[in-house]
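Chemist: Following this message is one structure expressed as structure tokens.
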Amino acid sequence: SARKATMAAAKADPRVLPKKENDLFKSIAKHYETKQYKKGIKAADQILKKFPNHGETQAMKGLVLNCLEKKTEAYDLVKLALRNDMKSHVCWHVYGLLHRSDNNYLQAIKSYKQALKIEEDNAQILRDLSLLQVQMRDLKGFVETRSKLLQQKPSHKNNWMALAVANQMAGQNKQAISVVDAFIGTQDVKARTRDYDESELMLYRADLLKEDGQLDEAIAHLEAHQSFVVDQLSWKMKMAELTLSLGMFGKGNRPRPPPPSALLLSPARKSGFAF
């Protein structure tokens, strides 16, 4: 029967739980995410009553205890979990989350990397690692981690933009431009629309070109894509900055800076990329 097969698997791999306990284990994460900590503790205790040395359950219980300000108990339980299951990416990830909650970022990064040695493609751990890498100004590592996330899910626009920003922060503007261009190359040109996402992407590419010293290219880019920019005030200001930098005012059809009144009357712009 299916139950016998599950029990046999559990004997072969002590990490595998029977269906009832496995469902309870999944519920711990849900209770943690919804901040129903007491329910999370109750679910963990139900599992540990039958499987007292189940490392991943101990780790998740420790994570919940940490949210209840029972830090000493939380650390002791997660360390016990690691002793019971050193090869669990869940245990190492949780250990990293505990250290992150105490602002011990270097130890958290070490724990995340240990978890990734076990499960190298875990997107959640990679995202958590990338956030700490940028916090600790490990920009090379930040670029590498965001590259892995993009390789996993190239259909997600946020992964492209995050990698572009990572390269920009690392002072690699040419690579950032290449990432943006590669993303644009994946899009259906016929389906292109004039919306804020497209608008911000065009303005961002102009900023990258400017930062890389490619002022003429930035101007040409803005002129070519003006019709897709929703925020025309920002477009005019960027053109003004670029033409001023090149000393091109009064020549040809280059725009002049908008008057102060235009700045005062313009609505505040709320946009940008989130990752």
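Identifiers for the structure tokens are assigned positionally: chains receive A, B, ... in sequence, residues are indexed from 1 per chain, and ligands are indexed from 1 in the order shown.
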Near Leu80 (chain A), within 9 Å and counting only C-alpha atoms, which residues show up once chain neighbours fewer than 6 positions away are dropped, as an mmCIF file with N, CA and C atoms, in the first residue's frame?
Modeler:
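Okay, this is what ended up in around_18.cif:
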data_model
loop_
_atom_site.group_PDB
_atom_site.id
_atom_site.type_symbol
_atom_site.label_atom_id
_atom_site.label_comp_id
_atom_site.auth_asym_id
_atom_site.auth_seq_id
_atom_site.Cartn_x
_atom_site.Cartn_y
_atom_site.Cartn_z
ATOM 1 N N ASN A 53 13.756 13.080 16.744
ATOM 2 C CA ASN A 53 15.060 13.494 16.207
ATOM 3 C C ASN A 53 14.989 13.979 14.758
ATOM 4 N N GLY A 55 15.408 16.340 12.256
ATOM 5 C CA GLY A 55 16.162 17.591 12.257
ATOM 6 C C GLY A 55 15.440 18.771 11.625
ATOM 7 N N GLN A 58 12.822 20.124 13.899
ATOM 8 C CA GLN A 58 13.463 20.854 14.995
ATOM 9 C C GLN A 58 13.909 22.246 14.529
ATOM 10 N N ALA A 59 14.465 22.296 13.323
ATOM 11 C CA ALA A 59 14.930 23.575 12.788
ATOM 12 C C ALA A 59 13.772 24.545 12.602
#
Chemist: I'd like the contact shell of region 157-174 of chain A - 9 Å cut-off, only C-alpha atoms, skipping same-chain residues fewer than 6 positions apart - returned as number ranges by chain.
Modeler: A: 134, 138-140, 142-147, 149-151, 180, 182-183, 201, 208-209, 211-212, 273-275
Chemist: Please compute the CA of Leu131 (chain A)-CA of Ser234 (chain A) distance, one decimal, in Å.
Modeler: 29.2 Å
Chemist: At what distance in Å, to one decimal, does CA of Glu119 (chain A) lie from CA of Leu17 (chain A)?
Modeler: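 For CA of Leu17 (chain A) relative to CA of Glu119 (chain A), the distance reads 19.3 Å.
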Chemist: When distances are computed from only C-alpha atoms, which of A:Arg192, A:His156, A:Arg15, A:Lys210 shows the smallest separation from Phe51 (chain A)?
Modeler: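 Closest to Phe51 (chain A), using only C-alpha atoms: A:Arg15.
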Chemist: Which polymer residues have any atom within 12 Å of an atom of Asn104 (chain A), counting only C-alpha atoms, with same-chain residues fewer than 6 positions away left out, as a list in words?
Modeler: Tyr95, Gly96, Leu97, Leu98, Lys110, Ser111, Leu132, Gln135 and Met136 of chain A
Chemist: I need the alpha helix (DSSP H) residues of region 30-187 of chain A per DSSP on the backbone, written as an NGL selection string.
Modeler: :A and (30-33 or 37-50 or 55-67 or 71-84 or 89-101 or 105-118 or 123-135 or 139-152 or 157-169 or 173-186)
Chemist: Leaving out region 31-46 of chain A and any residue of its chain fewer than 2 positions from it, which residues lie within 8 Å of it when counting only C-alpha atoms, given as a VMD selection string?
Modeler: chain A and resid 21 24 to 25 27 to 29 48 to 50 57 to 58 60 to 61 64 to 65 67 to 68
Chemist: Any chance you could export the current selection's N, CA, C and O atoms as a compact mmCIF listing (two decimals), in the first residue's frame?
Modeler:
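For reference, out39.txt as written:
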# COMPACT_ATOMS: atom_id res chain seq x y z
N GLU A 21 2.33 13.51 8.88
CA GLU A 21 3.36 14.36 9.47
C GLU A 21 3.98 15.30 8.43
O GLU A 21 4.35 16.43 8.75
N LEU A 24 1.76 18.17 8.16
CA LEU A 24 1.97 19.03 9.34
C LEU A 24 3.25 19.87 9.17
O LEU A 24 3.28 21.06 9.51
N PHE A 25 4.28 19.25 8.62
CA PHE A 25 5.55 19.94 8.40
C PHE A 25 5.35 21.12 7.45
O PHE A 25 5.85 22.23 7.69
N SER A 27 2.69 22.73 7.00
CA SER A 27 1.87 23.76 7.67
C SER A 27 2.72 24.66 8.57
O SER A 27 2.34 25.81 8.81
N ILE A 28 3.85 24.14 9.07
CA ILE A 28 4.71 24.97 9.93
C ILE A 28 5.18 26.20 9.16
O ILE A 28 5.16 27.32 9.66
N ALA A 29 5.60 25.99 7.91
CA ALA A 29 6.07 27.11 7.08
C ALA A 29 4.95 28.11 6.83
O ALA A 29 5.17 29.33 6.87
N LEU A 48 7.28 15.99 16.35
CA LEU A 48 8.39 15.58 17.21
C LEU A 48 7.97 14.55 18.27
O LEU A 48 8.81 13.84 18.81
N LYS A 49 6.68 14.47 18.53
CA LYS A 49 6.18 13.48 19.47
C LYS A 49 6.42 12.08 18.91
O LYS A 49 6.75 11.13 19.66
N LYS A 50 6.27 11.94 17.58
CA LYS A 50 6.49 10.65 16.92
C LYS A 50 7.92 10.50 16.41
O LYS A 50 8.46 9.40 16.36
N THR A 57 12.26 19.37 11.28
CA THR A 57 11.17 19.83 12.14
C THR A 57 11.73 20.61 13.33
O THR A 57 11.18 21.66 13.72
N GLN A 58 12.82 20.12 13.90
CA GLN A 58 13.46 20.85 14.99
C GLN A 58 13.91 22.25 14.53
O GLN A 58 13.74 23.23 15.24
N MET A 60 12.67 24.06 12.03
CA MET A 60 11.51 24.93 11.80
C MET A 60 10.89 25.39 13.12
O MET A 60 10.45 26.53 13.25
N LYS A 61 10.88 24.51 14.10
CA LYS A 61 10.37 24.92 15.41
C LYS A 61 11.28 26.00 16.00
O LYS A 61 10.81 26.99 16.58
N VAL A 64 10.49 29.34 14.47
CA VAL A 64 9.27 29.93 15.04
C VAL A 64 9.55 30.46 16.45
O VAL A 64 9.10 31.55 16.81
N LEU A 65 10.29 29.70 17.24
CA LEU A 65 10.64 30.15 18.60
C LEU A 65 11.41 31.47 18.56
O LEU A 65 11.23 32.34 19.42
N CYS A 67 10.99 33.84 16.54
CA CYS A 67 10.01 34.91 16.33
C CYS A 67 9.25 35.24 17.61
O CYS A 67 8.65 36.31 17.72
N LEU A 68 9.27 34.32 18.56
CA LEU A 68 8.61 34.53 19.85
C LEU A 68 9.61 35.05 20.90
O LEU A 68 9.34 35.02 22.09
Chemist: For CA of Ser155 (chain A) and CA of His221 (chain A), determine how far apart the two atoms are, in Å to one decimal place.
Modeler: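 We find that CA of Ser155 (chain A) and CA of His221 (chain A) lie 24.8 Å from each other.
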Chemist: With the cut-off set at 12 Å and counting only C-alpha atoms, tabulate each residue of region 99-169 of chain A with an atom at most that distance from an atom of region 83-89 of chain A, showing the nearest atom pair and its distance in Å to one decimal, ordered by chain and increasing number, as a Markdown table.
Modeler:
| residue | atom | partner | partner_atom | distance |
| --- | --- | --- | --- | --- |
| A:Ser111 | CA | A:His89 | CA | 9.3 |
| A:Tyr112 | CA | A:His89 | CA | 8.5 |
| A:Lys113 | CA | A:His89 | CA | 9.6 |
| A:Gln114 | CA | A:His89 | CA | 7.6 |
| A:Ala115 | CA | A:His89 | CA | 4.3 |
| A:Leu116 | CA | A:His89 | CA | 6.9 |
| A:Lys117 | CA | A:His89 | CA | 8.2 |
| A:Ile118 | CA | A:His89 | CA | 5.8 |
| A:Glu119 | CA | A:His89 | CA | 6.3 |
| A:Glu120 | CA | A:His89 | CA | 9.3 |
| A:Asp121 | CA | A:His89 | CA | 11.0 |
| A:Asn122 | CA | A:His89 | CA | 9.0 |
| A:Gln124 | CA | A:His89 | CA | 11.3 |
| A:Ile125 | CA | A:His89 | CA | 9.1 |
| A:Leu126 | CA | A:His89 | CA | 11.9 |
Chemist: Can I get the selected residues back with N, CA and C atoms, as a PDB file, in the first residue's frame?
Modeler:
ATOM      1  N   SER A 111      26.117  30.243   6.438  1.00  0.00           N
ATOM      2  CA  SER A 111      25.080  29.216   6.565  1.00  0.00           C
ATOM      3  C   SER A 111      24.329  29.029   5.257  1.00  0.00           C
ATOM      4  N   TYR A 112      24.013  30.145   4.593  1.00  0.00           N
ATOM      5  CA  TYR A 112      23.315  30.060   3.301  1.00  0.00           C
ATOM      6  C   TYR A 112      24.172  29.310   2.280  1.00  0.00           C
ATOM      7  N   LYS A 113      25.462  29.625   2.273  1.00  0.00           N
ATOM      8  CA  LYS A 113      26.351  28.967   1.306  1.00  0.00           C
ATOM      9  C   LYS A 113      26.466  27.474   1.599  1.00  0.00           C
ATOM     10  N   GLN A 114      26.439  27.127   2.878  1.00  0.00           N
ATOM     11  CA  GLN A 114      26.467  25.708   3.240  1.00  0.00           C
ATOM     12  C   GLN A 114      25.192  25.014   2.749  1.00  0.00           C
ATOM     13  N   ALA A 115      24.070  25.710   2.884  1.00  0.00           N
ATOM     14  CA  ALA A 115      22.797  25.161   2.407  1.00  0.00           C
ATOM     15  C   ALA A 115      22.828  24.967   0.890  1.00  0.00           C
ATOM     16  N   LEU A 116      23.448  25.910   0.185  1.00  0.00           N
ATOM     17  CA  LEU A 116      23.502  25.838  -1.278  1.00  0.00           C
ATOM     18  C   LEU A 116      24.466  24.757  -1.774  1.00  0.00           C
ATOM     19  N   LYS A 117      25.399  24.345  -0.928  1.00  0.00           N
ATOM     20  CA  LYS A 117      26.256  23.215  -1.294  1.00  0.00           C
ATOM     21  C   LYS A 117      25.421  21.935  -1.392  1.00  0.00           C
ATOM     22  N   ILE A 118      24.344  21.916  -0.613  1.00  0.00           N
ATOM     23  CA  ILE A 118      23.477  20.734  -0.579  1.00  0.00           C
ATOM     24  C   ILE A 118      22.402  20.837  -1.664  1.00  0.00           C
ATOM     25  N   GLU A 119      21.835  22.023  -1.816  1.00  0.00           N
ATOM     26  CA  GLU A 119      20.793  22.238  -2.836  1.00  0.00           C
ATOM     27  C   GLU A 119      21.103  23.546  -3.564  1.00  0.00           C
ATOM     28  N   GLU A 120      21.951  23.459  -4.571  1.00  0.00           N
ATOM     29  CA  GLU A 120      22.530  24.646  -5.198  1.00  0.00           C
ATOM     30  C   GLU A 120      21.536  25.492  -5.993  1.00  0.00           C
ATOM     31  N   ASP A 121      20.395  24.922  -6.363  1.00  0.00           N
ATOM     32  CA  ASP A 121      19.444  25.663  -7.181  1.00  0.00           C
ATOM     33  C   ASP A 121      18.237  26.164  -6.397  1.00  0.00           C
ATOM     34  N   ASN A 122      18.323  26.167  -5.085  1.00  0.00           N
ATOM     35  CA  ASN A 122      17.188  26.610  -4.274  1.00  0.00           C
ATOM     36  C   ASN A 122      17.021  28.125  -4.414  1.00  0.00           C
ATOM     37  N   GLN A 124      14.881  30.317  -3.153  1.00  0.00           N
ATOM     38  CA  GLN A 124      14.661  31.117  -1.951  1.00  0.00           C
ATOM     39  C   GLN A 124      15.973  31.390  -1.215  1.00  0.00           C
ATOM     40  N   ILE A 125      16.810  30.378  -1.110  1.00  0.00           N
ATOM     41  CA  ILE A 125      18.098  30.573  -0.434  1.00  0.00           C
ATOM     42  C   ILE A 125      18.986  31.511  -1.249  1.00  0.00           C
ATOM     43  N   LEU A 126      18.964  31.371  -2.567  1.00  0.00           N
ATOM     44  CA  LEU A 126      19.745  32.270  -3.437  1.00  0.00           C
ATOM     45  C   LEU A 126      19.289  33.719  -3.270  1.00  0.00           C
TER      46      LEU A 126
END
Chemist: Mind checking which residues fall within 12 Å of Val229 (chain A), counting only C-alpha atoms, ignoring those fewer than 5 positions away in the same chain, and posting them as a PyMOL selection string?
Modeler: chain A and resi 193-206+221-224+234-236+238
